[in-house]
>>> print(open('structure_2.cif').read())   # mmCIF, C-alpha atoms and all ligand atoms
data_final
loop_
_atom_site.label_atom_id
_atom_site.label_comp_id
_atom_site.auth_asym_id
_atom_site.auth_seq_id
_atom_site.Cartn_x
_atom_site.Cartn_y
_atom_site.Cartn_z
CA MET A 13 4.08 -37.44 -16.38
CA LYS A 14 0.95 -35.36 -16.90
CA SER A 15 0.89 -31.61 -17.25
CA TYR A 16 -1.91 -29.04 -17.03
CA ARG A 17 -2.05 -25.31 -17.77
CA LYS A 18 -4.75 -22.74 -17.08
CA GLU A 19 -4.99 -18.95 -16.89
CA LEU A 20 -7.19 -17.35 -14.23
CA TRP A 21 -8.42 -13.82 -15.00
CA PHE A 22 -9.01 -11.04 -12.48
CA HIS A 23 -10.39 -7.53 -12.86
CA THR A 24 -10.41 -5.89 -9.43
CA PRO A 25 -12.54 -2.74 -8.96
CA THR A 26 -9.84 -1.15 -6.77
CA ARG A 27 -6.19 -0.34 -7.46
CA VAL A 28 -5.03 -2.55 -4.55
CA ALA A 29 -6.79 -5.82 -3.67
CA PHE A 30 -6.14 -9.23 -2.16
CA VAL A 31 -8.16 -12.14 -3.53
CA ASN A 32 -8.17 -15.64 -2.04
CA ILE A 33 -7.72 -17.86 -5.10
CA THR A 34 -7.36 -21.17 -3.19
CA PRO A 35 -10.76 -22.50 -4.42
CA GLN A 36 -9.81 -21.82 -8.06
CA VAL A 37 -6.41 -23.51 -7.64
CA GLU A 38 -8.06 -26.52 -5.96
CA ALA A 39 -10.49 -26.71 -8.89
CA CYS A 40 -7.51 -26.75 -11.28
CA VAL A 41 -5.93 -29.62 -9.30
CA ARG A 42 -9.21 -31.60 -9.51
CA GLU A 43 -9.57 -30.84 -13.24
CA SER A 44 -5.96 -31.92 -13.92
CA GLY A 45 -6.55 -35.37 -12.44
CA ILE A 46 -3.03 -35.19 -10.98
CA ARG A 47 -2.79 -36.93 -7.56
CA GLU A 48 0.95 -36.50 -6.82
CA GLY A 49 2.90 -33.53 -8.10
CA LEU A 50 3.50 -29.78 -7.90
CA VAL A 51 1.42 -26.76 -8.74
CA LEU A 52 3.02 -23.45 -9.71
CA VAL A 53 0.83 -20.36 -9.44
CA ASN A 54 2.30 -17.09 -10.74
CA ALA A 55 1.12 -13.59 -11.53
CA MET A 56 1.61 -12.88 -15.24
CA HIS A 57 1.97 -9.13 -14.64
CA ILE A 58 4.80 -7.18 -13.03
CA THR A 59 2.43 -5.13 -10.87
CA ALA A 60 0.66 -8.10 -9.22
CA SER A 61 1.69 -10.90 -6.86
CA VAL A 62 0.78 -14.41 -5.84
CA PHE A 63 1.61 -15.26 -2.24
CA ILE A 64 0.62 -17.60 0.58
CA ASN A 65 -0.63 -16.36 3.92
CA ASP A 66 -3.61 -16.30 6.28
CA GLU A 67 -7.23 -15.50 5.32
CA GLU A 68 -7.66 -12.83 8.01
CA SER A 69 -9.01 -9.38 7.14
CA GLY A 70 -6.95 -7.51 9.77
CA LEU A 71 -3.77 -9.01 8.36
CA HIS A 72 -4.79 -7.97 4.84
CA GLN A 73 -5.24 -4.38 6.03
CA ASP A 74 -1.84 -4.66 7.74
CA PHE A 75 -0.24 -5.77 4.45
CA GLU A 76 -1.85 -2.85 2.64
CA HIS A 77 -0.71 -0.26 5.24
CA TRP A 78 2.78 -1.73 5.49
CA LEU A 79 3.24 -1.77 1.71
CA GLU A 80 1.93 1.81 1.48
CA LYS A 81 4.57 2.88 4.04
CA LEU A 82 7.31 1.05 2.12
CA ALA A 83 6.26 2.37 -1.31
CA PRO A 84 3.64 5.15 -1.10
CA HIS A 85 1.60 5.60 -4.29
CA SER A 86 1.92 9.39 -4.11
CA PRO A 87 3.49 11.77 -4.71
CA ILE A 88 3.78 10.09 -8.09
CA SER A 89 6.72 12.36 -9.00
CA GLN A 90 8.96 10.68 -6.39
CA TYR A 91 9.59 7.72 -8.73
CA ARG A 92 11.84 7.72 -11.79
CA HIS A 93 9.69 4.99 -13.42
CA ASN A 94 6.79 7.44 -13.48
CA LEU A 95 8.83 9.79 -15.67
CA THR A 96 7.87 7.37 -18.48
CA GLY A 97 4.31 8.68 -18.13
CA GLU A 98 3.15 5.76 -15.98
CA GLU A 99 1.86 6.18 -12.44
CA ASN A 100 2.48 2.67 -11.16
CA ALA A 101 6.07 2.62 -9.88
CA ASP A 102 4.79 1.82 -6.38
CA ALA A 103 2.90 -1.20 -7.79
CA HIS A 104 6.10 -2.64 -9.29
CA LEU A 105 7.85 -2.25 -5.90
CA LYS A 106 4.95 -3.76 -3.93
CA ARG A 107 4.82 -6.71 -6.33
CA THR A 108 8.52 -7.36 -5.82
CA VAL A 109 8.13 -7.37 -2.03
CA MET A 110 5.10 -9.72 -2.08
CA GLY A 111 6.56 -12.08 -4.69
CA ARG A 112 5.76 -13.38 -8.14
CA GLU A 113 4.73 -16.99 -7.49
CA VAL A 114 4.11 -19.89 -5.14
CA VAL A 115 4.71 -23.62 -5.52
CA VAL A 116 2.55 -26.05 -3.54
CA ALA A 117 2.86 -29.82 -3.28
CA ILE A 118 -0.07 -31.96 -4.37
CA THR A 119 -0.54 -35.06 -2.23
CA GLU A 120 -3.36 -37.56 -2.79
CA GLY A 121 -5.07 -35.06 -5.08
CA HIS A 122 -5.08 -32.13 -2.64
CA LEU A 123 -3.00 -29.01 -1.98
CA ASP A 124 -0.60 -30.04 0.80
CA PHE A 125 -0.73 -26.87 2.94
CA GLY A 126 0.70 -26.04 6.34
CA PRO A 127 -1.64 -24.65 9.01
CA TRP A 128 -3.79 -21.71 7.81
CA GLU A 129 -2.03 -21.44 4.46
CA GLN A 130 -4.13 -19.99 1.64
CA ILE A 131 -3.12 -18.71 -1.80
CA PHE A 132 -3.76 -15.05 -2.61
CA TYR A 133 -3.66 -12.89 -5.70
CA GLY A 134 -2.21 -9.50 -4.71
CA GLU A 135 -3.22 -6.67 -7.02
CA PHE A 136 -1.34 -3.37 -6.87
CA ASP A 137 -2.44 -1.71 -10.13
CA GLY A 138 -5.92 -3.05 -10.75
CA ARG A 139 -9.08 -1.82 -12.47
CA ARG A 140 -8.09 -3.75 -15.62
CA PRO A 141 -8.07 -7.44 -16.64
CA LYS A 142 -4.97 -9.36 -15.51
CA ARG A 143 -3.95 -13.01 -15.46
CA VAL A 144 -2.52 -15.68 -13.18
CA LEU A 145 -0.91 -18.82 -14.59
CA VAL A 146 -1.58 -22.22 -12.99
CA LYS A 147 0.80 -24.98 -14.13
CA ILE A 148 0.56 -28.45 -12.67
CA ILE A 149 2.93 -31.35 -13.27
CA GLY A 150 2.82 -34.84 -11.81
CA GLU A 151 1.01 -38.13 -12.05
ZN ZN B 201 5.01 0.54 -14.86
#
>>> encode(input="structure_2.cif", output="structure tokens")
Amino acid sequence: MKSYRKELWFHTPTRVAFVNITPQVEACVRESGIREGLVLVNAMHITASVFINDEESGLHQDFEHWLEKLAPHSPISQYRHNLTGEENADAHLKRTVMGREVVVAITEGHLDFGPWEQIFYGEFDGRRPKRVLVKIIGE
């Protein structure tokens, strides 16, 4: 069995952002040389997510509005976590809702997606460098 590991770095200019990272993950699959296996893609920070959904800008705005209703950023004082001096309690909650990681099958050297599936990095406390782990195992 072969294995492959890579970290992808992101530094979004905004606090909240969704980035389609499918091309980078496909590049990792090609670089790994693995034809049959599994790829795990996970955010390495507890205020960011990796999830699979549609590349459609209206839907991305819907995610952002829905998450803001579930866990509004302000008033900052509404969260106990922010008593530590941080201001990112909402980002921890949003990350938990959107998930830490995805696993995708690799078949004949390609990501074996269902219709319209794409992999996204979800940033909820950006404006600083953060990482995503790509781990591939297979043959
Ligand atoms: Zn925090």
>>> closest_residue(input="structure_2.cif", among="A:Glu135, A:Glu99, A:Glu19, A:Glu43", to="A:Gly111", atoms="only C-alpha atoms")
A:Glu135
>>> residues_around(input="structure_2.cif", residues="A:Ala39", least_positions_apart="3", cutoff="12 Å", atoms="only C-alpha atoms", output="CSV table (one decimal) with C-alpha atoms, in the coordinates of the input")
chain,number,residue,atom,x,y,z
A,18,LYS,CA,-4.8,-22.7,-17.1
A,20,LEU,CA,-7.2,-17.4,-14.2
A,33,ILE,CA,-7.7,-17.9,-5.1
A,34,THR,CA,-7.4,-21.2,-3.2
A,35,PRO,CA,-10.8,-22.5,-4.4
A,36,GLN,CA,-9.8,-21.8,-8.1
A,42,ARG,CA,-9.2,-31.6,-9.5
A,43,GLU,CA,-9.6,-30.8,-13.2
A,44,SER,CA,-6.0,-31.9,-13.9
A,45,GLY,CA,-6.6,-35.4,-12.4
A,46,ILE,CA,-3.0,-35.2,-11.0
A,51,VAL,CA,1.4,-26.8,-8.7
A,121,GLY,CA,-5.1,-35.1,-5.1
A,122,HIS,CA,-5.1,-32.1,-2.6
A,123,LEU,CA,-3.0,-29.0,-2.0
A,146,VAL,CA,-1.6,-22.2,-13.0
A,148,ILE,CA,0.6,-28.4,-12.7
>>> atom_distance(input="structure_2.cif", atom1="atom CA of A:Pro84", atom2="atom CA of A:Leu145")
27.9 Å
>>> residues_near_ligand(input="structure_2.cif", ligand="ligand ZN 201 (chain B)", cutoff="8 Å", atoms="all atoms listed in the file", output="list of chain:residue names")
A:Ile58, A:Thr59, A:His93, A:Asn94, A:Glu98, A:Glu99, A:Asn100, A:Ala101, A:Ala103, A:His104
>>> residues_around(input="structure_2.cif", residues="A:Leu50", least_positions_apart="2", cutoff="10 Å", atoms="only C-alpha atoms", output="list in words")
Ser15, Val41, Ile46, Arg47, Glu48, Leu52, Val53, Val115, Val116, Ala117, Ile118, Thr119, Leu123, Asp124, Lys147, Ile148, Ile149, Gly150 and Glu151 of chain A
>>> atom_distance(input="structure_2.cif", atom1="atom CA of A:Lys106", atom2="atom CA of A:Tyr16")
29.3 Å
>>> build_atoms(input="structure_2.cif", residues="stretch 29-43 of chain A", atoms="N, CA, C and O atoms", output="mmCIF file, in the coordinates of the input")
data_model
loop_
_atom_site.group_PDB
_atom_site.id
_atom_site.type_symbol
_atom_site.label_atom_id
_atom_site.label_comp_id
_atom_site.auth_asym_id
_atom_site.auth_seq_id
_atom_site.Cartn_x
_atom_site.Cartn_y
_atom_site.Cartn_z
ATOM 1 N N ALA A 29 -5.822 -4.816 -4.151
ATOM 2 C CA ALA A 29 -6.790 -5.820 -3.670
ATOM 3 C C ALA A 29 -6.067 -7.125 -3.390
ATOM 4 O O ALA A 29 -5.039 -7.424 -4.008
ATOM 5 N N PHE A 30 -6.616 -7.874 -2.439
ATOM 6 C CA PHE A 30 -6.140 -9.230 -2.160
ATOM 7 C C PHE A 30 -7.308 -10.178 -2.363
ATOM 8 O O PHE A 30 -8.370 -9.989 -1.778
ATOM 9 N N VAL A 31 -7.092 -11.197 -3.200
ATOM 10 C CA VAL A 31 -8.160 -12.140 -3.530
ATOM 11 C C VAL A 31 -7.693 -13.550 -3.170
ATOM 12 O O VAL A 31 -6.622 -13.983 -3.620
ATOM 13 N N ASN A 32 -8.493 -14.250 -2.370
ATOM 14 C CA ASN A 32 -8.170 -15.640 -2.040
ATOM 15 C C ASN A 32 -8.518 -16.516 -3.242
ATOM 16 O O ASN A 32 -9.698 -16.661 -3.591
ATOM 17 N N ILE A 33 -7.496 -17.070 -3.879
ATOM 18 C CA ILE A 33 -7.720 -17.860 -5.100
ATOM 19 C C ILE A 33 -7.557 -19.361 -4.829
ATOM 20 O O ILE A 33 -7.492 -20.155 -5.767
ATOM 21 N N THR A 34 -7.525 -19.748 -3.535
ATOM 22 C CA THR A 34 -7.360 -21.170 -3.190
ATOM 23 C C THR A 34 -8.444 -22.041 -3.840
ATOM 24 O O THR A 34 -8.106 -23.098 -4.394
ATOM 25 N N PRO A 35 -9.739 -21.630 -3.801
ATOM 26 C CA PRO A 35 -10.760 -22.500 -4.420
ATOM 27 C C PRO A 35 -10.511 -22.710 -5.915
ATOM 28 O O PRO A 35 -10.703 -23.827 -6.423
ATOM 29 N N GLN A 36 -10.070 -21.661 -6.627
ATOM 30 C CA GLN A 36 -9.810 -21.820 -8.060
ATOM 31 C C GLN A 36 -8.619 -22.750 -8.311
ATOM 32 O O GLN A 36 -8.631 -23.540 -9.255
ATOM 33 N N VAL A 37 -7.591 -22.641 -7.457
ATOM 34 C CA VAL A 37 -6.410 -23.510 -7.640
ATOM 35 C C VAL A 37 -6.784 -24.963 -7.329
ATOM 36 O O VAL A 37 -6.387 -25.887 -8.044
ATOM 37 N N GLU A 38 -7.597 -25.156 -6.276
ATOM 38 C CA GLU A 38 -8.060 -26.520 -5.960
ATOM 39 C C GLU A 38 -8.875 -27.097 -7.115
ATOM 40 O O GLU A 38 -8.752 -28.287 -7.436
ATOM 41 N N ALA A 39 -9.690 -26.248 -7.744
ATOM 42 C CA ALA A 39 -10.490 -26.710 -8.890
ATOM 43 C C ALA A 39 -9.575 -27.126 -10.038
ATOM 44 O O ALA A 39 -9.842 -28.116 -10.730
ATOM 45 N N CYS A 40 -8.476 -26.381 -10.237
ATOM 46 C CA CYS A 40 -7.510 -26.750 -11.280
ATOM 47 C C CYS A 40 -6.878 -28.108 -10.969
ATOM 48 O O CYS A 40 -6.695 -28.933 -11.872
ATOM 49 N N VAL A 41 -6.542 -28.336 -9.699
ATOM 50 C CA VAL A 41 -5.930 -29.620 -9.300
ATOM 51 C C VAL A 41 -6.909 -30.758 -9.602
ATOM 52 O O VAL A 41 -6.534 -31.784 -10.180
ATOM 53 N N ARG A 42 -8.188 -30.569 -9.233
ATOM 54 C CA ARG A 42 -9.210 -31.600 -9.510
ATOM 55 C C ARG A 42 -9.319 -31.846 -11.015
ATOM 56 O O ARG A 42 -9.310 -32.981 -11.477
ATOM 57 N N GLU A 43 -9.397 -30.737 -11.791
ATOM 58 C CA GLU A 43 -9.570 -30.840 -13.240
ATOM 59 C C GLU A 43 -8.375 -31.533 -13.901
ATOM 60 O O GLU A 43 -8.522 -32.230 -14.901
#
